file upload03.txt (compact mmCIF, C-alpha atoms and all ligand atoms)
# COMPACT_ATOMS: atom_id res chain seq x y z
CA MET W 10 11.45 2.70 -21.92
CA VAL W 11 8.23 1.69 -20.20
CA GLN W 12 8.32 2.38 -16.47
CA HIS W 13 6.49 0.06 -14.07
CA TYR W 14 5.62 0.32 -10.38
CA LEU W 15 5.85 -3.22 -9.05
CA SER W 16 7.77 -2.27 -5.94
CA GLU W 17 7.96 0.92 -3.88
CA LEU W 18 11.68 0.92 -4.72
CA ASP W 19 11.03 1.19 -8.47
CA LEU W 20 11.25 4.95 -7.98
CA GLU W 21 14.36 6.56 -6.50
CA PRO W 22 13.75 8.54 -3.28
CA ALA W 23 13.96 11.83 -5.23
CA GLU W 24 11.39 10.52 -7.73
CA THR W 25 9.10 9.39 -4.90
CA ARG W 26 9.32 12.91 -3.45
CA GLU W 27 8.28 14.32 -6.84
CA VAL W 28 5.26 11.99 -6.95
CA LEU W 29 4.30 13.05 -3.41
CA GLU W 30 4.63 16.71 -4.38
CA LEU W 31 2.41 16.16 -7.40
CA ALA W 32 -0.07 14.29 -5.19
CA ARG W 33 -0.29 17.35 -2.92
CA THR W 34 -1.04 19.56 -5.94
CA LEU W 35 -3.66 17.12 -7.22
CA LYS W 36 -5.21 17.02 -3.76
CA MET W 37 -5.37 20.82 -3.45
CA GLU W 38 -6.70 21.29 -6.97
CA ARG W 39 -8.94 18.25 -7.11
CA GLY W 40 -11.28 18.39 -10.09
CA HIS W 41 -9.21 21.03 -11.92
CA ALA W 42 -5.56 19.99 -12.22
CA PHE W 43 -4.43 17.52 -14.88
CA ARG W 44 -7.97 16.63 -15.87
CA ASP W 45 -7.00 15.86 -19.48
CA THR W 46 -3.82 13.93 -18.72
CA LEU W 47 -5.42 10.55 -19.47
CA ARG W 48 -7.87 11.79 -22.12
CA GLY W 49 -8.33 9.02 -24.70
CA LYS W 50 -6.52 6.50 -22.49
CA HIS W 51 -7.86 3.25 -21.05
CA ILE W 52 -6.57 1.71 -17.85
CA ALA W 53 -7.16 -1.99 -17.22
CA LEU W 54 -7.73 -2.95 -13.57
CA TYR W 55 -7.31 -6.63 -12.75
CA PHE W 56 -8.22 -8.04 -9.31
CA GLU W 57 -7.44 -11.58 -8.18
CA LYS W 58 -8.40 -10.62 -4.62
CA PRO W 59 -11.18 -8.42 -3.16
CA SER W 60 -10.72 -4.65 -2.86
CA VAL W 61 -12.66 -1.54 -1.89
CA ARG W 62 -10.10 1.28 -1.56
CA THR W 63 -7.83 0.29 -4.41
CA ARG W 64 -10.65 -0.39 -6.84
CA VAL W 65 -12.59 2.78 -6.09
CA SER W 66 -9.60 5.12 -5.78
CA PHE W 67 -8.09 3.95 -9.08
CA THR W 68 -11.45 4.12 -10.85
CA VAL W 69 -12.23 7.62 -9.58
CA GLY W 70 -8.62 8.74 -10.08
CA VAL W 71 -8.47 7.62 -13.71
CA GLN W 72 -11.79 9.31 -14.44
CA GLU W 73 -10.69 12.54 -12.75
CA LEU W 74 -7.65 12.54 -15.07
CA GLY W 75 -9.94 12.16 -18.09
CA GLY W 76 -9.34 8.47 -18.75
CA GLN W 77 -11.48 5.35 -18.65
CA VAL W 78 -11.26 2.09 -16.74
CA VAL W 79 -11.86 -1.49 -17.85
CA GLU W 80 -12.26 -3.81 -14.89
CA LEU W 81 -11.27 -7.48 -14.90
CA SER W 82 -11.20 -10.07 -12.17
CA ALA W 83 -10.29 -13.69 -11.53
CA THR W 84 -13.94 -14.63 -12.09
CA ASN W 85 -14.41 -12.91 -15.47
CA THR W 86 -11.06 -14.00 -16.97
CA LYS W 87 -9.41 -17.40 -17.36
CA LEU W 88 -6.07 -16.20 -16.05
CA GLY W 89 -4.48 -19.03 -14.09
CA LYS W 90 -7.28 -21.37 -15.19
CA GLY W 91 -6.17 -21.93 -18.77
CA GLU W 92 -4.84 -18.62 -20.05
CA HIS W 93 -1.19 -17.95 -19.32
CA VAL W 94 -0.25 -14.64 -17.72
CA GLU W 95 2.12 -13.86 -20.63
CA ASP W 96 -0.69 -14.23 -23.18
CA PHE W 97 -3.04 -12.16 -21.03
CA ALA W 98 -0.47 -9.36 -20.75
CA SER W 99 0.42 -9.45 -24.45
CA VAL W 100 -3.24 -8.87 -25.30
CA ILE W 101 -4.07 -6.26 -22.64
CA GLY W 102 -1.05 -4.23 -23.77
CA ARG W 103 -2.61 -3.93 -27.23
CA TYR W 104 -5.86 -2.46 -25.90
CA ALA W 105 -5.04 -0.52 -22.76
CA HIS W 106 -2.46 2.14 -21.85
CA ALA W 107 -1.66 0.81 -18.37
CA LEU W 108 -2.46 -2.28 -16.31
CA VAL W 109 -3.15 -2.04 -12.59
CA ALA W 110 -3.11 -5.55 -11.08
CA ARG W 111 -3.80 -7.09 -7.67
CA VAL W 112 -2.46 -10.63 -7.58
CA PHE W 113 -1.33 -13.28 -5.15
CA ASP W 114 2.06 -13.95 -6.67
CA GLN W 115 4.47 -11.04 -7.22
CA SER W 116 6.07 -13.01 -10.06
CA ALA W 117 2.82 -12.65 -12.05
CA LEU W 118 3.39 -8.88 -12.01
CA HIS W 119 6.90 -9.34 -13.34
CA ALA W 120 5.55 -11.54 -16.15
CA MET W 121 2.89 -8.91 -16.95
CA SER W 122 5.50 -6.15 -17.06
CA ARG W 123 7.69 -8.17 -19.45
CA TYR W 124 4.91 -8.88 -21.94
CA ALA W 125 2.41 -5.99 -21.73
CA GLY W 126 4.57 -3.22 -23.21
CA ILE W 127 2.60 -0.71 -21.09
CA PRO W 128 3.17 0.43 -17.49
CA VAL W 129 2.13 -2.19 -14.93
CA ILE W 130 1.23 -1.03 -11.41
CA ASN W 131 1.17 -3.34 -8.39
CA ALA W 132 -2.21 -2.93 -6.69
CA LEU W 133 -1.12 -5.40 -3.94
CA SER W 134 0.50 -8.79 -4.05
CA ASP W 135 1.35 -11.25 -1.29
CA ASP W 136 4.77 -9.56 -1.17
CA ARG W 137 4.15 -5.84 -1.53
CA HIS W 138 1.63 -2.99 -1.56
CA PRO W 139 3.54 -0.02 -3.01
CA CYS W 140 0.52 2.23 -3.71
CA GLN W 141 -0.44 1.90 -0.03
CA ALA W 142 3.11 2.85 0.91
CA LEU W 143 2.93 6.03 -1.16
CA ALA W 144 -0.31 7.05 0.58
CA ASP W 145 1.22 6.22 3.96
CA VAL W 146 4.30 8.36 3.53
CA LEU W 147 2.24 11.26 2.14
CA THR W 148 0.05 11.05 5.26
CA ILE W 149 3.11 11.07 7.53
CA PHE W 150 4.50 14.12 5.72
CA GLU W 151 1.16 15.91 6.02
CA ARG W 152 0.73 15.15 9.72
CA LYS W 153 4.34 15.48 10.86
CA GLY W 154 5.88 17.84 8.31
CA ARG W 155 8.73 15.38 7.74
CA ILE W 156 9.58 11.71 7.81
CA GLU W 157 13.36 11.84 8.34
CA GLY W 158 14.30 10.58 11.80
CA LEU W 159 10.73 9.68 12.79
CA LYS W 160 10.13 6.42 14.64
CA VAL W 161 7.47 4.53 12.68
CA VAL W 162 6.36 1.34 14.45
CA PHE W 163 4.43 -1.38 12.64
CA VAL W 164 2.57 -3.78 14.94
CA GLY W 165 1.69 -7.17 13.44
CA GLU W 166 2.93 -9.43 10.70
CA GLY W 167 5.89 -8.39 8.54
CA ASN W 168 3.51 -8.66 5.59
CA ASN W 169 3.06 -6.93 2.23
CA VAL W 170 2.07 -3.61 3.83
CA ALA W 171 4.88 -3.71 6.42
CA THR W 172 7.35 -4.48 3.63
CA SER W 173 6.34 -1.68 1.29
CA THR W 174 5.65 1.02 3.84
CA GLY W 175 8.78 0.03 5.79
CA LEU W 176 11.07 0.12 2.79
CA LEU W 177 9.61 3.34 1.40
CA ALA W 178 9.70 5.08 4.80
CA ALA W 179 13.29 3.90 5.41
CA SER W 180 14.34 5.05 1.94
CA LEU W 181 13.10 8.53 2.93
CA GLY W 182 14.93 8.53 6.27
CA ALA W 183 12.50 7.03 8.82
CA GLN W 184 13.50 4.64 11.62
CA PHE W 185 11.01 1.84 10.89
CA VAL W 186 10.44 -0.86 13.52
CA VAL W 187 8.40 -4.01 12.93
CA ALA W 188 7.03 -5.65 16.10
CA SER W 189 5.91 -9.19 15.30
CA PRO W 190 5.63 -12.57 16.99
CA SER W 191 8.75 -14.62 16.45
CA GLY W 192 8.67 -16.20 12.98
CA TYR W 193 6.21 -13.63 11.60
CA GLY W 194 8.57 -10.70 11.00
CA LEU W 195 9.87 -9.27 7.73
CA ARG W 196 11.71 -11.74 5.54
CA GLY W 197 15.50 -11.49 5.68
CA ASP W 198 15.80 -10.60 1.99
CA ARG W 199 13.45 -7.67 2.54
CA LEU W 200 15.44 -6.43 5.50
CA ALA W 201 18.51 -6.65 3.27
CA GLU W 202 16.85 -4.29 0.77
CA ALA W 203 17.05 -1.54 3.42
CA LYS W 204 20.86 -1.65 3.50
CA GLY W 205 22.40 1.66 2.52
CA MET W 206 19.16 3.61 2.92
CA SER W 207 19.13 6.95 4.75
CA GLY W 208 16.73 5.45 7.32
CA SER W 209 16.62 1.97 8.81
CA ILE W 210 14.42 -1.06 9.51
CA ALA W 211 14.64 -2.96 12.79
CA GLN W 212 12.71 -5.96 14.00
CA THR W 213 11.62 -7.08 17.46
CA SER W 214 9.04 -9.26 19.19
CA ASP W 215 8.80 -6.86 22.15
CA VAL W 216 5.84 -4.79 21.06
CA VAL W 217 5.67 -2.61 24.20
CA ALA W 218 9.35 -1.66 23.99
CA ALA W 219 8.93 -0.99 20.26
CA ALA W 220 6.10 1.48 20.92
CA GLN W 221 8.20 3.63 23.27
CA GLY W 222 8.54 7.13 21.84
CA ALA W 223 6.85 6.16 18.56
CA ASP W 224 5.82 9.01 16.27
CA VAL W 225 3.63 6.66 14.24
CA LEU W 226 1.88 3.46 15.34
CA TYR W 227 0.71 1.42 12.37
CA THR W 228 -1.13 -1.89 12.20
CA ASP W 229 -2.79 -4.19 9.66
CA THR W 230 -4.94 -7.29 9.81
CA TRP W 231 -3.51 -10.44 11.40
CA ILE W 232 -5.05 -12.45 8.57
CA SER W 233 -4.21 -11.22 5.09
CA MET W 234 -6.15 -12.24 2.01
CA GLY W 235 -5.22 -15.83 1.23
CA GLN W 236 -4.42 -16.74 4.87
CA GLU W 237 -8.01 -17.41 5.94
CA ALA W 238 -7.32 -21.10 6.69
CA GLU W 239 -4.93 -19.99 9.46
CA THR W 240 -7.45 -17.69 11.18
CA ALA W 241 -7.82 -19.53 14.50
CA GLU W 242 -4.09 -20.09 14.88
CA ARG W 243 -3.22 -16.50 13.97
CA ARG W 244 -5.73 -15.07 16.45
CA LYS W 245 -3.81 -16.82 19.21
CA ILE W 246 -0.34 -15.98 17.91
CA PHE W 247 -1.07 -12.28 17.36
CA ALA W 248 -3.22 -11.66 20.47
CA GLU W 249 -0.54 -9.44 22.08
CA TYR W 250 0.14 -7.58 18.83
CA ARG W 251 -2.86 -5.29 18.84
CA LEU W 252 -2.69 -1.55 18.56
CA ASP W 253 -4.39 -0.39 21.77
CA THR W 254 -4.15 2.24 24.53
CA ARG W 255 -1.41 0.17 26.19
CA LEU W 256 0.82 0.99 23.20
CA LEU W 257 -0.52 4.53 22.80
CA ASP W 258 0.62 5.27 26.37
CA GLU W 259 4.19 4.27 25.45
CA ALA W 260 4.29 6.41 22.30
CA ALA W 261 5.04 10.12 21.82
CA SER W 262 2.19 12.34 23.02
CA ASP W 263 1.47 13.44 19.43
CA VAL W 264 1.67 9.93 17.95
CA ILE W 265 -0.52 9.23 14.93
CA VAL W 266 -2.36 5.94 14.50
CA MET W 267 -2.42 4.36 11.05
CA HIS W 268 -4.10 1.34 9.45
CA CYS W 269 -4.23 0.53 5.74
CA LEU W 270 -7.77 -0.94 6.10
CA PRO W 271 -9.82 -3.07 5.97
CA ALA W 272 -9.62 -3.38 9.77
CA VAL W 273 -10.95 -6.22 11.86
CA ARG W 274 -12.32 -4.36 14.87
CA GLY W 275 -11.58 -6.03 18.18
CA GLU W 276 -8.58 -7.84 16.73
CA GLU W 277 -5.62 -5.70 15.65
CA ILE W 278 -7.36 -2.41 16.58
CA ASP W 279 -10.54 -1.06 18.18
CA ARG W 280 -13.06 1.46 16.92
CA ASP W 281 -12.08 3.99 19.60
CA LEU W 282 -8.57 4.29 18.21
CA MET W 283 -9.74 4.34 14.61
CA TYR W 284 -11.98 7.32 15.35
CA GLY W 285 -9.90 8.80 18.18
CA LYS W 286 -7.89 12.03 18.18
CA HIS W 287 -4.64 10.33 17.17
CA SER W 288 -6.14 8.63 14.12
CA ALA W 289 -4.76 9.46 10.66
CA ILE W 290 -6.58 6.48 9.15
CA TRP W 291 -9.19 8.33 7.11
CA GLN W 292 -6.69 10.82 5.71
CA GLN W 293 -4.47 7.85 4.87
CA ALA W 294 -7.32 6.15 2.97
CA GLU W 295 -8.15 9.39 1.11
CA ASN W 296 -4.52 9.81 0.10
CA ARG W 297 -4.67 6.60 -1.93
CA LEU W 298 -6.60 8.60 -4.52
CA HIS W 299 -4.14 11.47 -4.72
CA VAL W 300 -0.91 9.43 -4.82
CA GLN W 301 -2.26 7.03 -7.43
CA LYS W 302 -3.33 9.93 -9.64
CA ALA W 303 0.17 11.35 -9.28
CA LEU W 304 1.69 7.96 -10.10
CA LEU W 305 -0.48 7.62 -13.22
CA CYS W 306 0.56 11.12 -14.32
CA ARG W 307 4.22 10.17 -13.84
CA LEU W 308 3.99 6.86 -15.71
CA LEU W 309 1.63 8.02 -18.47
CA GLY W 310 1.53 11.80 -18.51
N1 LIG M 401 -5.84 -0.78 1.76
C1 LIG M 401 -6.32 -1.42 0.66
O1 LIG M 401 -5.60 -1.70 -0.30
O2 LIG M 401 -7.66 -1.64 0.70
P1 LIG M 401 -8.47 -2.56 -0.31
O3 LIG M 401 -8.02 -3.96 -0.09
O4 LIG M 401 -9.91 -2.34 0.06
O5 LIG M 401 -8.18 -2.11 -1.71
N1 LIG M 402 -2.16 -7.32 4.45
C1 LIG M 402 -3.49 -7.13 3.92
C2 LIG M 402 -3.61 -5.77 3.32
C3 LIG M 402 -4.94 -5.41 2.76
C4 LIG M 402 -4.97 -4.07 2.12
C5 LIG M 402 -3.80 -8.20 2.91
O1 LIG M 402 -2.91 -8.53 2.11
O2 LIG M 402 -4.90 -8.73 2.91
call {"tool": "encode", "arguments": {"input": "upload03.txt", "output": "structure tokens"}}
result
Amino acid sequence: MVQHYLSELDLEPAETREVLELARTLKMERGHAFRDTLRGKHIALYFEKPSVRTRVSFTVGVQELGGQVVELSATNTKLGKGEHVEDFASVIGRYAHALVARVFDQSALHAMSRYAGIPVINALSDDRHPCQALADVLTIFERKGRIEGLKVVFVGEGNNVATSTGLLAASLGAQFVVASPSGYGLRGDRLAEAKGMSGSIAQTSDVVAAAQGADVLYTDTWISMGQEAETAERRKIFAEYRLDTRLLDEAASDVIVMHCLPAVRGEEIDRDLMYGKHSAIWQQAENRLHVQKALLCRLLG
């Protein structure tokens, strides 16, 4: 059966741990390990939205595993402007060995996975960002030695990144807290997905209280791709929900600061924190490469 990665919960916690373990090996032995795993294989990358990290890390990762990339975008295809997603997927599945897709609508990924007949990987949708979540939890393991019982606080909207990192972290035992303005938290159905997990997800609008004792402080843009029309309104609504020294002072003394990037300096975070001694941001960005290589090995190796 073809395995997809549309959600961070498509792998069981034990399987996620195996991917993270493989990512550590690939990181340590970069350039040597598994360099023929994708030999003769072609990976299609499709982007409906802009990307730096995801595009470059998948491209480099596929090449380091011996494979090749074919890149597609909303501007060089007619997907959504004439060609139906089912037809697109049916064709791509006959050329390529996996499809990595960044889309607005999560349901497009489900349609792709039904018709492509090859593994489909979610490279971000409005709902989820599971590859980011894998890199995030690897970074937490590397910096803290564990994730179980850690207080991981997300400051900002309960968006795609908060959803995926929250659910993955909770599935591995973290106490995840989302601090958002009222009406901008995680959707109820996403909170419900955390039921029965070894960790938990809580929600509050009191950002200062949330930061108390935090082991990880995480933030993301106030204005995700596709929300640009709401920029002025969101700047007002989220003004208190910035990751700054006020929150750092509330957190554990060895707190790490995380951001999925791209960051809007002076809004949700400042340069000083991004480059300060608590920052894990650059390690987090690097880890995208290693976890995605591990994921490709798992789905295609
Ligand atoms: N974090 C992330 O996915 O970055 P890009 O949008 O640049 O790919
Ligand atoms: N929430 C952001 C994440 C970017 C990686 C967005 O969707 O634009």
call {"tool": "residues_near_ligand", "arguments": {"input": "upload03.txt", "ligand": "ligand LIG 402 (chain M)", "cutoff": "6 Å", "atoms": "only C-alpha atoms and all ligand atoms", "output": "list in words"}}
result
Asn168, Asn169, Val170, Ser233, Met234, Cys269 and Leu270 of chain W
call {"tool": "residues_around", "arguments": {"input": "upload03.txt", "residues": "Gly197 of chain W", "least_positions_apart": "5", "cutoff": "12 Å", "atoms": "only C-alpha atoms", "output": "PyMOL selection string"}}
result
chain W and resi 167+172+192+202-204+210-212
call {"tool": "residues_near_ligand", "arguments": {"input": "upload03.txt", "ligand": "ligand LIG 401 (chain M)", "cutoff": "9 Å", "atoms": "only C-alpha atoms and all ligand atoms", "output": "list in words"}}
result
Lys58, Pro59, Ser60, Val61, Arg62, Thr63, Arg64, Val65, Ser66, Arg111, Ala132, Leu133, His138, Cys140, Gln141, Val170, Met234, His268, Cys269, Leu270, Pro271, Ala294 and Arg297 of chain W
call {"tool": "closest_residue", "arguments": {"input": "upload03.txt", "among": "W:Ala289, W:Ile232, W:Val162, W:Ala248", "to": "Phe150 of chain W", "atoms": "all atoms listed in the file"}}
result
W:Ala289
call {"tool": "closest_residue", "arguments": {"input": "upload03.txt", "among": "W:Val129, W:Met206, W:Ile278, W:Ala238", "to": "Tyr14 of chain W", "atoms": "only C-alpha atoms"}}
result
W:Val129
call {"tool": "closest_residue", "arguments": {"input": "upload03.txt", "among": "W:Arg123, W:Lys87, W:Arg152, W:Arg33", "to": "Gln292 of chain W", "atoms": "all atoms listed in the file"}}
result
W:Arg152
call {"tool": "closest_residue", "arguments": {"input": "upload03.txt", "among": "W:Leu226, W:Val112, W:Leu176, W:Val94", "to": "Leu20 of chain W", "atoms": "only C-alpha atoms"}}
result
W:Leu176
call {"tool": "atom_distance", "arguments": {"input": "upload03.txt", "atom1": "atom CA of Ser134 of chain W", "atom2": "atom CA of Leu54 of chain W"}}
result
13.9 Å
call {"tool": "closest_residue", "arguments": {"input": "upload03.txt", "among": "W:Thr25, W:Thr240, W:Ser288, W:Asn296", "to": "Asp263 of chain W", "atoms": "all atoms listed in the file"}}
result
W:Ser288
call {"tool": "atom_distance", "arguments": {"input": "upload03.txt", "atom1": "atom CA of Leu252 of chain W", "atom2": "atom CA of Val161 of chain W"}}
result
13.2 Å
call {"tool": "closest_residue", "arguments": {"input": "upload03.txt", "among": "W:Thr228, W:Ser99, W:Gln236, W:Thr254", "to": "Ala188 of chain W", "atoms": "all atoms listed in the file"}}
result
W:Thr228
call {"tool": "atom_distance", "arguments": {"input": "upload03.txt", "atom1": "atom CA of Lys286 of chain W", "atom2": "atom CA of Glu166 of chain W"}}
result
25.2 Å
call {"tool": "closest_atom_pairs", "arguments": {"input": "upload03.txt", "of": "segment 223-291 of chain W", "to": "segment 155-158 of chain W", "cutoff": "12 Å", "atoms": "all atoms listed in the file", "output": "JSON lines"}}
result
{"residue": "W:Ala223", "atom": "CA", "partner": "W:Gly158", "partner_atom": "CA", "distance": 11.0}
{"residue": "W:Asp224", "atom": "CA", "partner": "W:Ile156", "partner_atom": "CA", "distance": 9.6}
{"residue": "W:Val225", "atom": "CA", "partner": "W:Ile156", "partner_atom": "CA", "distance": 10.1}
call {"tool": "residues_around", "arguments": {"input": "upload03.txt", "residues": "segment 37-45 of chain W", "least_positions_apart": "3", "cutoff": "8 Å", "atoms": "all atoms listed in the file", "output": "list in words"}}
result
Arg33, Thr34, Arg48, Glu73, Leu74, Gly75 and Gly76 of chain W
call {"tool": "closest_atom_pairs", "arguments": {"input": "upload03.txt", "of": "segment 204-305 of chain W", "to": "segment 102-110 of chain W", "cutoff": "12 Å", "atoms": "only C-alpha atoms", "output": "CSV"}}
result
residue,atom,partner,partner_atom,distance
W:Gln301,CA,W:Val109,CA,10.5
W:Leu304,CA,W:Val109,CA,11.4
W:Leu305,CA,W:Ala107,CA,8.6
call {"tool": "residues_near_point", "arguments": {"input": "upload03.txt", "point": "(-0.8, -2.6, 19.4)", "cutoff": "12 Å", "atoms": "all atoms listed in the file", "output": "count of residues only"}}
result
47
